[in-house]
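Asks: My structure is below; once you've seen it, I'll send some questions.
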Amino acid sequence: MANRREKLSTIKEVLRMGIQGGFSLRKIARSHKISHTCVSNYLATYRKLKISWDVFETKTDKEIDDLFKPHQFHGDIRLKELEEQFPVIQQKLTKTGETLQRLWEKYRADRPNAFGYSQFCHYYKEWSGKQEVWLRMEHKAGDKMLVDFAGQKLQLTDPLLGTKKEVEVFIAVMACSQLCYVEAVESQRKEHWIQANQNALEFFGGVPAAIVPDNLKSAVNRASKYEPWMNETYLDFARHHDTCILPARPARPTDKALVEGSVKFVYQRIYAELRDEIFHDTVEMNERIWELLEKHNNKPFQQKDGSRQQLFDEIEKSSLKPLPAEPFIFKERLTCTVWQNYHVRLAKDEHWYSVPHRYAKKQVILAYTATLVEIYFNHERIAMHQRVFGRHQYTTVPEHMPSHHRHVAEMNPERILRWAESIGPETRKMTEQIMSASRHPEQGFNSCLGIIHLNKKYGNGRVEKSCARALAFGARGYRVVSDILEKGLDMTVEEPISQVALPVHENIRGPEFYQ
């Protein structure tokens with residue numbers, strides 16, 4: 001208001017110096033620090049009014065404003081033409097990257113007598129200041145989606161018991177067009193929050209540059225005016241959709257005024273309609289909500305042309321980024337420490353999953369879905385497993401084990417027998433007898449491996465002969481075979497034992513004596 005009064009005062013002084021004082025245009029312009037063209041326009045307008053100076057001096061500021069402003073703005077054909085362009089210019093400014101400078105250049109391109117940039121901006125700002133508040137769009141098309149839960153809840157009715165259960169109502173609003181999405185969900189838990197956000201993006205058919213949530217726990221772990229600590233799963237959701245999260249400042253309702261205003265409309269146009277209706281599940285309730293939502297989005301604005309849906313289709317839909325090819329898969333996260341046995345425990349299932357042994361005693365992030373378990377260290381995935389629901393069981397990848405552990409873990413009767421058979425059939429027979437004589441096959445593993453490893457010192461042939469010699473005497477075991485090899489008994493040739501008939505003698509009793 002002060003600027004307008006100063007302007008009116010300037011008009012009076014310019015006219016006084018020009019009409020009464022007879023000063024030149026340039027001197028008047030230098031005196032009031034305005035252009036001589038502006039001084040000339042003031043004097044020309046005064047002459048067109050054909051009012052004597054004595055009468056003019058008695059007029060109030062409002063009367064002078066009424067005399068000069070209509071002539072100043074509407075008397076020029078160029079201004080009338082420009083004024084007709086302002087609604088289009090206002091709408092184009094909602095496009096990301098569009099500026100008044102670029103629009104002025106396009107306006108001036110085919111108009112030789114077009115206004116200069118400073119006058120263009122002046123007249124545009126003067127025109128926009130007289131428009132309804134809705135035209136002062138502070139948000140670029142496709143820039144932000146505001147999300148929140150409504151304060152009031154809706155109710156489901158148990159079909160058998162008739163008991164009531166409250167459900168949350170999720171609301172998302174595109175900031176520029178004010179197109180709205182509403183959905184009833186079971187709770188404010190992360191999984192329901194994430195799914196509702198994804199459903200909203202699919203409803204809008206694209207992804208905005210930013211999502212603006214309130215500071216609820218499903219979105220923000222710790223609120224802060226300057227650097228909020230975001231929920232990691234919600235950040236993953238944003239990265240997957242190539243967008244970012246801009247939480248509203250704590251205790252600043254103006255940061256999410258649009259969604260707060262939409263909540264009021266939801267109460268009036270959806271809650272009021274559902275008040276006397278009964279629903280047994282959220283699927284049934286959402287079908288009815290979306291029916292009412294379509295009417296709300298297509299309802300004409302009260303103080304401007306068109307509707308939310310029309311405005312979205314015209315200026316905002318094309319500005320959204322495309323949805324990713326694959327939907328976001330919700331992951332639960334927990335922090336845990338790798339045990340000395342290089343396994344981490346998913347407490348929910350009481351199941352253990354392996355990680356590379358070098359991460360033993362390290363703190364890791366365990367992220368899991370309904371089918372997959374992933375383990376991260378310093379934001380790098382170090383292991384991935386199919387989720388197993390067997391309680392008190394272990395899922396182990398052999399590559400995660402130290403070499404000596406892997407060697408032991410990979411031992412089994414079949415493998416040992418195949419290894420022994422590569423030396424010879426007698427060696428295999430020896431290992432079979434050792435394991436069959438043990439209470440548990442693993443009890444004989446070391447003895448069998450010891451026999452097999454003797455081939456490194458003595459060769460396959462000697463080990464095979466030693467096993468055959470031991471088996472011939474009914475002996476088995478590593479120590480028996482090792483002794484035979486050390487003493488070289490496998491190298492000796494056994495002479496056949498000949499039976500000599502006993503001589504006949506009176507003192508020797510024959511078999512008949514015992515009959």
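Ordering of the structure tokens sets the chain letters (A, B, ...), residue numbers begin anew at 1 in every chain, and ligands are numbered from 1 in the order given.
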For A:Gln309, work out the shell of residues within 12 Å, counting only C-alpha atoms and skipping chain neighbours fewer than 4 positions away, then give it as a list of chain:residue names.
Replies: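 After dropping sequence-adjacent residues, the list is A:Val173, A:Met174, A:Cys176, A:Ser177, A:Gln178, A:Leu179, A:Cys180, A:Tyr181, A:Phe203, A:Phe204, A:Leu293, A:Glu294, A:Lys295, A:His296, A:Asn297, A:Asn298, A:Lys299, A:Pro300, A:Phe301, A:Asp305, A:Asp313, A:Glu314, A:Ile315, A:Glu316, A:Lys317.
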Asks: Applying 9 Å and only C-alpha atoms, which residues near A:Ser187 remain after dropping the ones on its own chain fewer than 6 positions away? List them as a list in words.
Replies: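 After dropping sequence-adjacent residues, the list is Glu166, Val167, Glu168, Val169 and Trp193 of chain A.
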Asks: Please write the residues from the selection above to a file, keeping N, CA, C and O atoms, as a PDB file, in the first residue's frame.
Replies:
ATOM      1  N   GLU A 166     -11.557 -50.374  14.039  1.00  0.00           N
ATOM      2  CA  GLU A 166     -11.167 -49.141  13.359  1.00  0.00           C
ATOM      3  C   GLU A 166     -10.061 -49.397  12.345  1.00  0.00           C
ATOM      4  O   GLU A 166      -9.180 -50.234  12.571  1.00  0.00           O
ATOM      5  N   VAL A 167     -10.138 -48.692  11.225  1.00  0.00           N
ATOM      6  CA  VAL A 167      -9.093 -48.766  10.201  1.00  0.00           C
ATOM      7  C   VAL A 167      -8.630 -47.351   9.861  1.00  0.00           C
ATOM      8  O   VAL A 167      -9.377 -46.376  10.014  1.00  0.00           O
ATOM      9  N   GLU A 168      -7.377 -47.244   9.420  1.00  0.00           N
ATOM     10  CA  GLU A 168      -6.800 -45.961   9.055  1.00  0.00           C
ATOM     11  C   GLU A 168      -7.225 -45.571   7.640  1.00  0.00           C
ATOM     12  O   GLU A 168      -7.569 -46.421   6.816  1.00  0.00           O
ATOM     13  N   VAL A 169      -7.170 -44.263   7.366  1.00  0.00           N
ATOM     14  CA  VAL A 169      -7.491 -43.759   6.029  1.00  0.00           C
ATOM     15  C   VAL A 169      -6.289 -42.976   5.508  1.00  0.00           C
ATOM     16  O   VAL A 169      -5.897 -41.955   6.079  1.00  0.00           O
ATOM     17  N   TRP A 193       1.740 -48.703   5.131  1.00  0.00           N
ATOM     18  CA  TRP A 193       2.125 -47.364   4.675  1.00  0.00           C
ATOM     19  C   TRP A 193       2.794 -47.425   3.297  1.00  0.00           C
ATOM     20  O   TRP A 193       2.449 -46.675   2.376  1.00  0.00           O
TER      21      TRP A 193
END
Asks: Excluding stretch 465-469 of chain A and residues on its chain fewer than 6 positions from it, collect all residues at most 8 Å away from it, counting only C-alpha atoms, and give them as a PyMOL selection string.
Replies: chain A and resi 426-427+430+476+481+484-485+489-490
Asks: Tell me which protein, DNA and RNA residues are within 9 Å of stretch 372-384 of chain A, counting only C-alpha atoms, leaving out same-chain ones fewer than 6 positions away, and put them as a PyMOL selection string.
Replies: chain A and resi 344+353-356+359+362-366+400
Asks: Deliver the residues from the most recent selection as a file, using N, CA, C and O atoms, as a PDB file, in the first residue's frame.
Replies:
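Result file is selection.pdb:
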ATOM      1  N   VAL A 344      23.860 -65.701  10.999  1.00  0.00           N
ATOM      2  CA  VAL A 344      22.994 -64.714  11.657  1.00  0.00           C
ATOM      3  C   VAL A 344      21.631 -65.359  11.884  1.00  0.00           C
ATOM      4  O   VAL A 344      21.198 -66.223  11.113  1.00  0.00           O
ATOM      5  N   TYR A 353      21.213 -68.221   9.051  1.00  0.00           N
ATOM      6  CA  TYR A 353      21.698 -68.095   7.678  1.00  0.00           C
ATOM      7  C   TYR A 353      23.185 -67.716   7.697  1.00  0.00           C
ATOM      8  O   TYR A 353      23.614 -66.883   8.503  1.00  0.00           O
ATOM      9  N   SER A 354      23.944 -68.311   6.786  1.00  0.00           N
ATOM     10  CA  SER A 354      25.396 -68.095   6.767  1.00  0.00           C
ATOM     11  C   SER A 354      25.771 -66.812   6.035  1.00  0.00           C
ATOM     12  O   SER A 354      25.046 -66.331   5.166  1.00  0.00           O
ATOM     13  N   VAL A 355      26.921 -66.264   6.418  1.00  0.00           N
ATOM     14  CA  VAL A 355      27.575 -65.167   5.710  1.00  0.00           C
ATOM     15  C   VAL A 355      29.042 -65.570   5.540  1.00  0.00           C
ATOM     16  O   VAL A 355      29.515 -66.503   6.210  1.00  0.00           O
ATOM     17  N   PRO A 356      29.809 -64.929   4.666  1.00  0.00           N
ATOM     18  CA  PRO A 356      31.239 -65.251   4.574  1.00  0.00           C
ATOM     19  C   PRO A 356      31.917 -65.177   5.937  1.00  0.00           C
ATOM     20  O   PRO A 356      31.668 -64.241   6.712  1.00  0.00           O
ATOM     21  N   TYR A 359      33.187 -62.161   8.207  1.00  0.00           N
ATOM     22  CA  TYR A 359      32.305 -61.181   8.844  1.00  0.00           C
ATOM     23  C   TYR A 359      31.859 -61.639  10.233  1.00  0.00           C
ATOM     24  O   TYR A 359      30.969 -61.007  10.818  1.00  0.00           O
ATOM     25  N   LYS A 362      30.789 -59.251  13.253  1.00  0.00           N
ATOM     26  CA  LYS A 362      30.474 -57.941  12.689  1.00  0.00           C
ATOM     27  C   LYS A 362      28.977 -57.660  12.822  1.00  0.00           C
ATOM     28  O   LYS A 362      28.151 -58.564  12.862  1.00  0.00           O
ATOM     29  N   GLN A 363      28.635 -56.378  12.883  1.00  0.00           N
ATOM     30  CA  GLN A 363      27.229 -55.986  12.931  1.00  0.00           C
ATOM     31  C   GLN A 363      26.720 -55.798  11.493  1.00  0.00           C
ATOM     32  O   GLN A 363      27.334 -55.080  10.706  1.00  0.00           O
ATOM     33  N   VAL A 364      25.618 -56.431  11.162  1.00  0.00           N
ATOM     34  CA  VAL A 364      25.086 -56.406   9.802  1.00  0.00           C
ATOM     35  C   VAL A 364      23.604 -56.043   9.825  1.00  0.00           C
ATOM     36  O   VAL A 364      22.966 -56.044  10.879  1.00  0.00           O
ATOM     37  N   ILE A 365      23.080 -55.741   8.634  1.00  0.00           N
ATOM     38  CA  ILE A 365      21.650 -55.497   8.446  1.00  0.00           C
ATOM     39  C   ILE A 365      21.048 -56.708   7.753  1.00  0.00           C
ATOM     40  O   ILE A 365      21.528 -57.130   6.704  1.00  0.00           O
ATOM     41  N   LEU A 366      20.018 -57.267   8.344  1.00  0.00           N
ATOM     42  CA  LEU A 366      19.316 -58.407   7.768  1.00  0.00           C
ATOM     43  C   LEU A 366      17.983 -57.898   7.205  1.00  0.00           C
ATOM     44  O   LEU A 366      17.141 -57.405   7.944  1.00  0.00           O
ATOM     45  N   HIS A 400      30.888 -69.893   2.091  1.00  0.00           N
ATOM     46  CA  HIS A 400      31.001 -69.002   3.249  1.00  0.00           C
ATOM     47  C   HIS A 400      31.907 -69.580   4.341  1.00  0.00           C
ATOM     48  O   HIS A 400      32.282 -68.870   5.264  1.00  0.00           O
TER      49      HIS A 400
END
Asks: Using only C-alpha atoms, pick whichever of A:Gly474, A:Thr396, A:Gly459, A:Met17 has the shortest atom-to-atom distance to A:Gln433.
Replies: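 Using only C-alpha atoms, A:Gln433 sits closest to A:Gly474.
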Asks: From a DSSP calculation on the backbone, collect every residue of stretch 341-481 of chain A in helix (DSSP H, G or I) and output the set as an MDAnalysis selection string.
Replies: chainID A and resid 357:359 398:400 403:409 413:421 425:437 441:453 455:472 478:481
Asks: Could you check which of A:Gln155, A:Val207, A:Gly461, A:Val88 is closest to A:Glu277, using only C-alpha atoms?
Replies: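 Using only C-alpha atoms, the shortest distance to A:Glu277 belongs to A:Gln155.
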Asks: Write out as a ChimeraX atom specification the residues lying within 9 Å of A:Gln195, counting only C-alpha atoms and excluding same-chain residues fewer than 5 positions away.
Replies: /A:190,200,328,330
